[in-house]
Amino acid sequence: MDIERTVQIYRCEDTVDGILSAIYEAGISGYGHDYIRIEPIRMDSPANLSLFAEYIDVETEQEKAEKVIRAVYEKISARAYTYLMYAAAADAPDRGDALYQFLVHGFSMGDRVCDAFSILSVKRVFELKRAVGNESHYSREFMRFKEVSREPRLMLATFEPTHRVLPMVMEHFRDRFPGEWFIIYDKHHLEAGFHTAEDELEIRLLTTEEAERLEALSEKEEDYVALWKTFFHAIAIEERKNEKLQRNHMPLHYRTYVTEFIE
Amino acid sequence: MIFKENATLQEKLAILADGAKYDVACTSSGVSRKGRKGEIGNTSASGICHSFSADGRCISLLKILFTNECIYNCKYCVNRCSNDIPRATFTPEEVCTLTMEFYRRNYIEGLFLSSGIVESPDHTMELICQTLHALRTIYRFNGYIHCKAIPGTSPELVEEAGWYADRMSVNLEFPTAKGLRELAPNKTRETILTPMQQIQNGVRESRELLGMKGGNQSAYWYTQKRLGRALPGDTEKEKLLREKDKDRKKVINKGTSEEKSPERQKAAFTGVNGTALTRIKKRDISRGFVPSGQSTQMIIGATGESDYEIMAVTEALYQNFDLKRVFYSAFINVNQDSTLPAVDGQPPLRREHRLYQADFLLRYYGFRAADLLSESRPFFNTYLDPKCDWALGHLEQFPVEVTKADYQTLLKVPGIGTKSASRIVKARRTGMLDYQSLKAMGVVMKRAVYFITCHGKMMYSFLKIDEDYITRNLLENDRDVMKGFGEKVTYKQLSLFDDNGDMRAFS
Ligand code: SF4
């Protein structure tokens with residue numbers, strides 16, 4: 001007769017490395033896959049303690065995270081690696097669970113796991129990957145830089161993404177502006193990416209003071225803003241005016257930091 | 001003529017963006033180029049939009065004219081020489097500065113440079129080349145550049161521009177030579193098709209020389225290849241070898257009915273002979289020659305062509321000139337010219353939309369113009385998208401069993417696109433397929449349900465494969481067929497449609 005096992009809940013930091021560390025710990029525990037849950041600790045929702053579960057608090061360690069990444073890349077596929085990294089960046093409390101099950105299937109199925117839509121966890125990981133991919137794409141499109149200093153020139157952009165897309169966005173702009181100083185500030189996660197003219201890159205969480213200093217930097221820039229707005233209005237065709245279509249393509253909530261929509 | 005002496009940069013920008021806005025292409029796609037040390041910019045193969053203007057069109061490039069002065073007098077154009085409008089001209093430095101500063105702020109993906117014709121086509125093209133030269137070599141701009149080849153320009157200058165630009169375009173303007181003669185008296189088919197052919201040859205040579213970096217293939221090319229058909233740019237002999245389907249030649253050759261087909265027109269003059277690229281030793285060829293290929297645009301609704309004629313010309317352009325894209329621009333009578341059709345209120349936006357959808361079917365799905373339309377049915381249905389319309393006319397091919405059908409068959413199902421079709425094919429190899437997972441794969445169920453079975457069953461047992469029934473349901477559930485396209489379709493019109501049961505009455 002089967003004895004119901006106690007569920008093990010791995011509690012971790014609500015970051016990419018946190019989730020990956022928990023996956024690592026759960027993976028080497030040897031405990032039955034079906035009885036493992038991964039639960040990121042979230043500030044916005046109170047802990048949901050269960051009496052019949054065993055809680056294990058996981059320390060975030062980059063080394064553990066890297067081990068998971070390497071294993072997925074080498075033993076499953078590059079595609080599965082992309083799925084993992086994107087889904088881990090999602091703002092979803094169930095992503096650790098979905099990813100854990102996804103990887104369990106992946107280590108036995110190989111790359112084909114990414115096509116197996118009939119498995120619930122795969123479907124979920126795919127949805128998360130798509131959401132994160134979309135947001136990082138929109139962010140690249142609608143990101144706007146301001147010149148906050150002339151000599152040397154320093155450009156600053158602010159955005160408020162739902163998911164942790166800053167690394168993907170930084171990568172894009174680093175390739176685009178290899179010789180420029182720029183900062184991208186993720187106001188939602190209080191995180192920023194710094195890029196120097198020597199093409200060095202750093203992404204880190206900010207202290208409150210640092211965040212305040214960045215906010216203070218982003219005062220108004222006049223000349224090119226006015227020129228850009230002139231262009232933006234001149235390029236629309238009056239006879240084709242269609243604000244509904246404009247809204248479909250560029251919903252209002254994407255416009256907060258977009259120069260041409262700021263009065 | 002009003003000359004704006006001492007116009008500020010802002011005034012110039014207002015005038016020269018306004019003059020460029022009727023050019024529809026604003027895409028920045030087709031070439032993927034990494035950033036380079038010491039330069040600024042990269043390009044992404046799928047293109048990046050940066051904003052959407054009040055008309056809902058994407059803004060990807062700084063789309064401007066170099067000047068809106070023009071010695072020509074095309075009847076449909078706001079910049080024609082007989083119009084009394086403010087005129088302005090940029091300097092190359094101004095264009096470069098605007099491009100760089102906008103680019104740094106991530107407003108744009110690059111530059112789209114067009115121009116009215118000053119003095120002569122060659123003089124105009126020289127100004128464009130000067131500007132692009134400065135942008136690439138002095139300002140070290142490595143982002144996207146689209147530029148026009150001015151009809152009637154000498155080949156050296158077309159080539160020069162092609163070494164700086166990612167994409168070039170020559171506008172066909174009208175589907176027929178007759179339309180062009182009447183509305184653009186200073187342009188001829190020959191001055192348009194000659195640079196087009198030169199660019200085509202140049203891209204081919206660049207590709208042979210530099211590999212894919214020299215220019216990648218179009219979606220149309222890949223689709224034809226997948227289906228084992230003749231490829232764009234094939235010689236007659238290659239075409240015959242590749243293609244067994246004899247009907248095809250008839251379609252291509254039909255082109256437009258009242259004149260020689262584009263195919264024959266192309267054969268009628270040879271354009272540049274031998275090698276298209278002569279400056280290869282003297283130029284920076286690291287980006288390739290027009291690596292993102294070329295596009296063109298046709299004005300829709302100013303002259304009397306049918307959709308069938310337009311699609312046949314489009315197909316010939318893809319096939320014979322290896323174009324990346326054909327754009328359609330709903331006619332707006334900006335000059336209130338009495339010899340042109342008065343378009344009361346709205347330009348024919350719905351028609352334009354249907355043409356884009358059909359164009360998509362040609363490029364990605366392997367449909368041919370003659371599959372979609374015919375001499376006896378030369379217009380698209382305004383109420384249904386071309387694929388639904390096609391499917392309703394071919395109900396004998398449905399329902400399609402999603403657990404078995406091959407990729408091409410899946411593509412023909414309304415609601416299934418290229419991505420979802422390939423996901424279905426791959427998912428089948430990993431196990432069971434059900435309606436739940438179809439949805440996650442991106443299948444638009446509200447359209448697809450009428451046309452598919454999964455393990456022999458339709459999603460709901462009450463669904464019927466019946467033309468009237470499906471049409472009514474597609475219209476009911478899919479109000480977004482009308483969404484965002486001007487003309488308001490009232491419920492009354494729809495029920496009128498219900499009464500007489502023949503949707504074609506409205507197309
Ligand atoms: S050549 Fe014709 S279409 Fe082009 S700007 Fe001049 S008048 Fe307009």
# chains A, B, ... in the order shown; residues from 1 in each chain; ligands from 1

call {"tool": "residues_near_ligand", "arguments": {"ligand": "ligand 1", "cutoff": "6 Å", "atoms": "only C-alpha atoms and all ligand atoms", "output": "list in words"}}
result
Cys70, Tyr72, Asn73, Cys74, Cys77, Asn79, Arg80, Gly116 and Ile117 of chain B

call {"tool": "write_last_selection", "arguments": {"atoms": "all heavy atoms", "output": "tab-separated table (two decimals), in the first residue's frame"}}
result
chain	number	residue	atom	x	y	z
B	70	CYS	N	10.42	69.48	-56.36
B	70	CYS	CA	10.39	68.43	-57.37
B	70	CYS	C	10.14	69.04	-58.74
B	70	CYS	O	9.32	69.95	-58.87
B	70	CYS	CB	9.33	67.39	-57.04
B	70	CYS	SG	9.54	65.91	-58.05
B	72	TYR	N	9.10	67.20	-61.24
B	72	TYR	CA	8.07	66.38	-61.89
B	72	TYR	C	6.69	66.81	-61.40
B	72	TYR	O	6.54	67.52	-60.42
B	72	TYR	CB	8.27	64.90	-61.57
B	72	TYR	CG	9.42	64.26	-62.32
B	72	TYR	CD1	10.21	64.98	-63.22
B	72	TYR	CD2	9.70	62.91	-62.12
B	72	TYR	CE1	11.27	64.37	-63.88
B	72	TYR	CE2	10.76	62.30	-62.77
B	72	TYR	CZ	11.54	63.02	-63.65
B	72	TYR	OH	12.57	62.41	-64.30
B	73	ASN	N	5.69	66.29	-62.10
B	73	ASN	CA	4.34	66.69	-61.76
B	73	ASN	C	3.38	65.50	-61.70
B	73	ASN	O	2.39	65.44	-62.43
B	73	ASN	CB	3.85	67.74	-62.76
B	73	ASN	CG	2.79	68.65	-62.15
B	73	ASN	OD1	2.76	68.84	-60.94
B	73	ASN	ND2	1.90	69.16	-62.98
B	74	CYS	N	3.69	64.56	-60.83
B	74	CYS	CA	2.82	63.38	-60.71
B	74	CYS	C	1.50	63.82	-60.09
B	74	CYS	O	1.49	64.46	-59.04
B	74	CYS	CB	3.49	62.34	-59.84
B	74	CYS	SG	5.14	61.91	-60.41
B	77	CYS	N	0.61	63.28	-56.30
B	77	CYS	CA	1.61	63.55	-55.26
B	77	CYS	C	1.54	64.98	-54.74
B	77	CYS	O	1.44	65.93	-55.50
B	77	CYS	CB	2.99	63.27	-55.81
B	77	CYS	SG	4.30	63.71	-54.65
B	79	ASN	N	3.84	66.69	-53.49
B	79	ASN	CA	5.05	67.46	-53.78
B	79	ASN	C	5.19	67.89	-55.23
B	79	ASN	O	6.19	68.47	-55.62
B	79	ASN	CB	6.29	66.65	-53.41
B	79	ASN	CG	6.27	66.21	-51.96
B	79	ASN	OD1	5.98	67.01	-51.08
B	79	ASN	ND2	6.52	64.94	-51.72
B	80	ARG	N	4.20	67.58	-56.07
B	80	ARG	CA	4.35	67.87	-57.50
B	80	ARG	C	4.63	69.36	-57.72
B	80	ARG	O	4.21	70.22	-56.92
B	80	ARG	CB	3.10	67.44	-58.24
B	80	ARG	CG	1.86	68.20	-57.83
B	80	ARG	CD	0.66	67.71	-58.59
B	80	ARG	NE	-0.50	68.53	-58.24
B	80	ARG	CZ	-1.70	68.36	-58.76
B	80	ARG	NH1	-1.90	67.40	-59.65
B	80	ARG	NH2	-2.70	69.14	-58.42
B	116	GLY	N	12.15	64.35	-53.30
B	116	GLY	CA	11.63	64.89	-54.54
B	116	GLY	C	12.82	65.03	-55.49
B	116	GLY	O	13.97	64.89	-55.07
B	117	ILE	N	12.54	65.31	-56.75
B	117	ILE	CA	13.63	65.33	-57.71
B	117	ILE	C	14.07	66.77	-57.98
B	117	ILE	O	13.29	67.58	-58.48
B	117	ILE	CB	13.22	64.62	-59.01
B	117	ILE	CG1	12.85	63.17	-58.66
B	117	ILE	CG2	14.33	64.67	-60.04
B	117	ILE	CD1	12.32	62.37	-59.80

call {"tool": "interface_residues", "arguments": {"of": "chain A", "to": "chain B", "cutoff": "8 Å", "atoms": "only C-alpha atoms", "output": "number ranges by chain"}}
result
A: 112-113, 115-118, 123, 127, 141-147, 155, 175-179, 224, 227-228, 230-247, 249-250

call {"tool": "closest_residue", "arguments": {"among": "B:Asp84, B:Glu236, B:Glu173, B:Asp337", "to": "Asn320 of chain B", "atoms": "only C-alpha atoms"}}
result
B:Glu236

call {"tool": "residues_around", "arguments": {"residues": "Thr278 of chain B", "least_positions_apart": "5", "cutoff": "12 Å", "atoms": "only C-alpha atoms", "output": "list in words"}}
result
Pro155, Glu156, Leu157, Val158, Glu159, Glu160, Gly162, Trp163, Gln198, Asn201, Gly202, Glu205, Ser206, Val272, Asn273, Arg283, Ile285 and Phe289 of chain B

call {"tool": "write_last_selection", "arguments": {"atoms": "C-alpha atoms", "output": "short mmCIF file (atom, residue, chain, number, x, y, z; two decimals), in the first residue's frame"}}
result
data_model
loop_
_atom_site.label_atom_id
_atom_site.label_comp_id
_atom_site.auth_asym_id
_atom_site.auth_seq_id
_atom_site.Cartn_x
_atom_site.Cartn_y
_atom_site.Cartn_z
CA PRO B 155 23.52 52.72 -62.61
CA GLU B 156 26.71 53.98 -60.93
CA LEU B 157 24.73 56.03 -58.47
CA VAL B 158 22.25 53.25 -57.79
CA GLU B 159 25.17 51.00 -57.00
CA GLU B 160 26.85 53.61 -54.82
CA GLY B 162 23.38 50.17 -52.51
CA TRP B 163 26.70 49.81 -50.70
CA GLN B 198 20.00 46.26 -61.37
CA ASN B 201 21.37 41.46 -59.95
CA GLY B 202 23.51 43.31 -57.45
CA GLU B 205 26.14 38.91 -56.96
CA SER B 206 26.68 40.18 -53.44
CA VAL B 272 22.26 46.37 -67.01
CA ASN B 273 24.28 43.72 -68.72
CA ARG B 283 33.88 50.38 -51.33
CA ILE B 285 31.63 45.79 -48.78
CA PHE B 289 25.03 45.21 -51.22
#

call {"tool": "closest_residue", "arguments": {"among": "B:Ile465, B:Ala370, B:Tyr365, B:Leu475", "to": "Tyr222 of chain B", "atoms": "only C-alpha atoms"}}
result
B:Tyr365

call {"tool": "closest_residue", "arguments": {"among": "B:His133, B:Lys412, B:Arg167, B:His353", "to": "Ile452 of chain B", "atoms": "only C-alpha atoms"}}
result
B:Lys412
